[in-house]
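What follows is a set of notes on a single structure, which appears directly below.
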Amino acid sequence: MVFRPRRSLLMASVLSAVLALAALIGWVTLPPDIQVLFTVPQLLTLAFFALFMIGFMMSIGLSYLAVDDAGLRFRNGVRTHRLPWGEVRGFRFTEHDPWAYVLLDEELQRPLMGIQRTDRELAEADFAKLVRYWHDRTAS
C-alpha cells in the first residue's frame with residue numbers, strides 16, 4: 001500500500017507553476033534596456049532561488065508512505081526512511097496533528113507526511129487502513 005497527500009501535491013504543483021509563470025512573465029515584460037542591466041550571476045541567483053522554492057514545495061507534495069510485509073518506507077520532504085515492523089510501537093493521528101506519526105518508543109516519533117490532515121476524510125481512511133495493516137502484521 002502507498003499513501004500520498006493529494007491536496008498538498010495539488011497545491012505544490014499549482015504554486016510551482018504560478019511561480020515559474022510569474023518569473024517568466026516578469027522577465028519577458030521587462031523592457032530590453034532593463035534586461036541588459038542584469039548580470040549572469042544575478043540571473044543565476046534568481047533562477048536558483050526560484051528552483052529552490054519549487055523544489056521545496058514539490059518535496060512536501062511528493063511525500064509518501066509505503067507499507068508492506070517488511071515494514072514502513074516513507075519520504076518526508078527529501079529524506080527517505082525505512083522502519084521494520086519490529087521498531088513500530090504504534091501510530092498517532094489526532095484531530096490537531098497536521099499529519100500522522102509513527103511511534104517508536106516512549107519519546108521518539110517520526111512524522112508520516114504521506115497521510116496529511118489536509119486530505120480530511122481520505123486521510124482518516126488511509127490512517128485506518130495503516131493501523132489495520134499494522135495490527136494484522138503484529139497479531140501473527
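Residue names in the C-alpha cells use chain letters A, B, ... in the order shown, residue numbers from 1 in each chain, and ligand numbers from 1 in the order shown.
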Nearby residues (only C-alpha atoms) at most 9 Å from stretch 114-131 of chain A, same-chain spacing under 2 positions excluded, as a ChimeraX atom specification: /A:1-8,61-67,74-76,90-93,95-101,111-112,133-136
Within 8 Å of A:Arg82 using only C-alpha atoms, minus same-chain residues under 4 positions, as a ChimeraX atom specification: /A:71-74
Store the residues picked out above, limited to N, CA and C atoms, as a PDB file, in the first residue's frame.
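The resulting again-v4.pdb:
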```pdb
ATOM      1  N   GLY A  71       7.737  -3.673   6.550  1.00  0.00           N
ATOM      2  CA  GLY A  71       7.600  -2.518   7.427  1.00  0.00           C
ATOM      3  C   GLY A  71       7.172  -1.284   6.671  1.00  0.00           C
ATOM      4  N   LEU A  72       7.699  -0.146   7.106  1.00  0.00           N
ATOM      5  CA  LEU A  72       7.348   1.149   6.526  1.00  0.00           C
ATOM      6  C   LEU A  72       8.521   1.717   5.730  1.00  0.00           C
ATOM      7  N   ARG A  73       8.205   2.361   4.639  1.00  0.00           N
ATOM      8  CA  ARG A  73       9.166   3.178   3.891  1.00  0.00           C
ATOM      9  C   ARG A  73       8.449   4.488   3.641  1.00  0.00           C
ATOM     10  N   PHE A  74       9.037   5.591   4.062  1.00  0.00           N
ATOM     11  CA  PHE A  74       8.359   6.872   3.893  1.00  0.00           C
ATOM     12  C   PHE A  74       9.348   7.980   3.587  1.00  0.00           C
TER      13      PHE A  74
END
```
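For the pair atom CA of A:Val14 and atom CA of A:Phe49, the separation is 17.5 Å.
Across the structure, atom CA of A:Leu9 and atom CA of A:Leu46 are spaced 24.1 Å apart.
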Members of chain A assigned strand (DSSP E) by DSSP, as JSON, numbers by chain: {"A": [2, 3, 64, 65, 66, 67, 68, 71, 72, 73, 74, 75, 76, 79, 80, 81, 82, 83, 84, 90, 91, 92, 99, 100, 101, 102, 103, 109, 110, 111, 112, 113, 114, 115, 116]}
Just-selected residues, N, CA and C atoms written as a tab-separated table (two decimals), in the first residue's frame:
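Output below, filename part-v8.tsv:
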```tsv
chain	number	residue	atom	x	y	z
A	2	VAL	N	0.45	2.23	-0.74
A	2	VAL	CA	1.17	3.50	-0.77
A	2	VAL	C	0.17	4.62	-0.51
A	3	PHE	N	0.53	5.50	0.41
A	3	PHE	CA	-0.31	6.65	0.75
A	3	PHE	C	0.42	7.92	0.33
A	64	TYR	N	5.49	10.50	0.73
A	64	TYR	CA	4.66	9.30	0.64
A	64	TYR	C	4.94	8.38	1.81
A	65	LEU	N	4.07	7.39	1.96
A	65	LEU	CA	4.23	6.33	2.93
A	65	LEU	C	3.90	5.03	2.24
A	66	ALA	N	4.86	4.12	2.17
A	66	ALA	CA	4.65	2.79	1.58
A	66	ALA	C	4.71	1.76	2.69
A	67	VAL	N	3.76	0.84	2.67
A	67	VAL	CA	3.63	-0.18	3.70
A	67	VAL	C	3.65	-1.55	3.04
A	68	ASP	N	4.48	-2.45	3.56
A	68	ASP	CA	4.50	-3.83	3.05
A	68	ASP	C	4.82	-4.78	4.20
A	71	GLY	N	7.74	-3.67	6.55
A	71	GLY	CA	7.60	-2.52	7.43
A	71	GLY	C	7.17	-1.28	6.67
A	72	LEU	N	7.70	-0.15	7.11
A	72	LEU	CA	7.35	1.15	6.53
A	72	LEU	C	8.52	1.72	5.73
A	73	ARG	N	8.20	2.36	4.64
A	73	ARG	CA	9.17	3.18	3.89
A	73	ARG	C	8.45	4.49	3.64
A	74	PHE	N	9.04	5.59	4.06
A	74	PHE	CA	8.36	6.87	3.89
A	74	PHE	C	9.35	7.98	3.59
A	75	ARG	N	8.86	8.91	2.77
A	75	ARG	CA	9.67	10.08	2.42
A	75	ARG	C	8.96	11.30	2.96
A	76	ASN	N	9.67	12.04	3.80
A	76	ASN	CA	9.21	13.32	4.31
A	76	ASN	C	10.12	14.39	3.72
A	79	ARG	N	14.06	13.36	2.46
A	79	ARG	CA	14.70	12.23	3.12
A	79	ARG	C	13.77	11.03	3.19
A	80	THR	N	14.29	9.86	2.84
A	80	THR	CA	13.52	8.62	2.89
A	80	THR	C	13.96	7.79	4.09
A	81	HIS	N	12.99	7.24	4.79
A	81	HIS	CA	13.24	6.43	5.98
A	81	HIS	C	12.68	5.03	5.77
A	82	ARG	N	13.27	4.05	6.42
A	82	ARG	CA	12.77	2.67	6.44
A	82	ARG	C	12.69	2.21	7.89
A	83	LEU	N	11.57	1.60	8.22
A	83	LEU	CA	11.38	1.07	9.57
A	83	LEU	C	10.79	-0.33	9.49
A	84	PRO	N	11.44	-1.31	10.08
A	84	PRO	CA	10.82	-2.63	10.15
A	84	PRO	C	9.69	-2.62	11.18
A	90	GLY	N	3.41	1.98	17.57
A	90	GLY	CA	2.05	2.46	17.38
A	90	GLY	C	2.03	3.63	16.42
A	91	PHE	N	0.85	4.23	16.29
A	91	PHE	CA	0.66	5.37	15.40
A	91	PHE	C	-0.20	6.40	16.11
A	92	ARG	N	-0.07	7.64	15.67
A	92	ARG	CA	-0.89	8.73	16.22
A	92	ARG	C	-1.36	9.63	15.09
A	99	TRP	N	-0.23	15.76	10.31
A	99	TRP	CA	-0.02	14.50	9.60
A	99	TRP	C	0.07	13.38	10.64
A	100	ALA	N	0.09	12.17	10.14
A	100	ALA	CA	0.19	11.01	11.03
A	100	ALA	C	1.62	10.89	11.56
A	101	TYR	N	1.76	10.18	12.67
A	101	TYR	CA	3.07	9.92	13.26
A	101	TYR	C	3.21	8.42	13.53
A	102	VAL	N	4.43	7.91	13.39
A	102	VAL	CA	4.74	6.56	13.82
A	102	VAL	C	5.47	6.70	15.16
A	103	LEU	N	5.02	5.93	16.14
A	103	LEU	CA	5.61	5.97	17.48
A	103	LEU	C	6.65	4.87	17.58
A	109	GLN	N	9.21	9.74	17.97
A	109	GLN	CA	8.19	9.57	16.94
A	109	GLN	C	8.67	10.24	15.66
A	110	ARG	N	8.16	9.80	14.54
A	110	ARG	CA	8.52	10.38	13.25
A	110	ARG	C	7.24	10.72	12.50
A	111	PRO	N	7.24	11.87	11.83
A	111	PRO	CA	6.06	12.21	11.04
A	111	PRO	C	5.95	11.31	9.81
A	112	LEU	N	4.73	11.02	9.44
A	112	LEU	CA	4.43	10.27	8.21
A	112	LEU	C	3.65	11.22	7.30
A	113	MET	N	4.39	12.02	6.53
A	113	MET	CA	3.76	13.07	5.74
A	113	MET	C	2.99	12.56	4.53
A	114	GLY	N	2.97	11.26	4.34
A	114	GLY	CA	2.15	10.68	3.28
A	114	GLY	C	0.67	10.69	3.63
A	115	ILE	N	0.35	10.86	4.92
A	115	ILE	CA	-1.04	10.99	5.38
A	115	ILE	C	-1.15	12.34	6.06
A	116	GLN	N	-1.78	13.30	5.38
A	116	GLN	CA	-1.85	14.67	5.88
A	116	GLN	C	-3.28	15.08	6.17
```
Residue list (alpha helix (DSSP H), DSSP) for stretch 21-97 of chain A, as a PyMOL selection string: chain A and resi 21-29+32-35+40-61
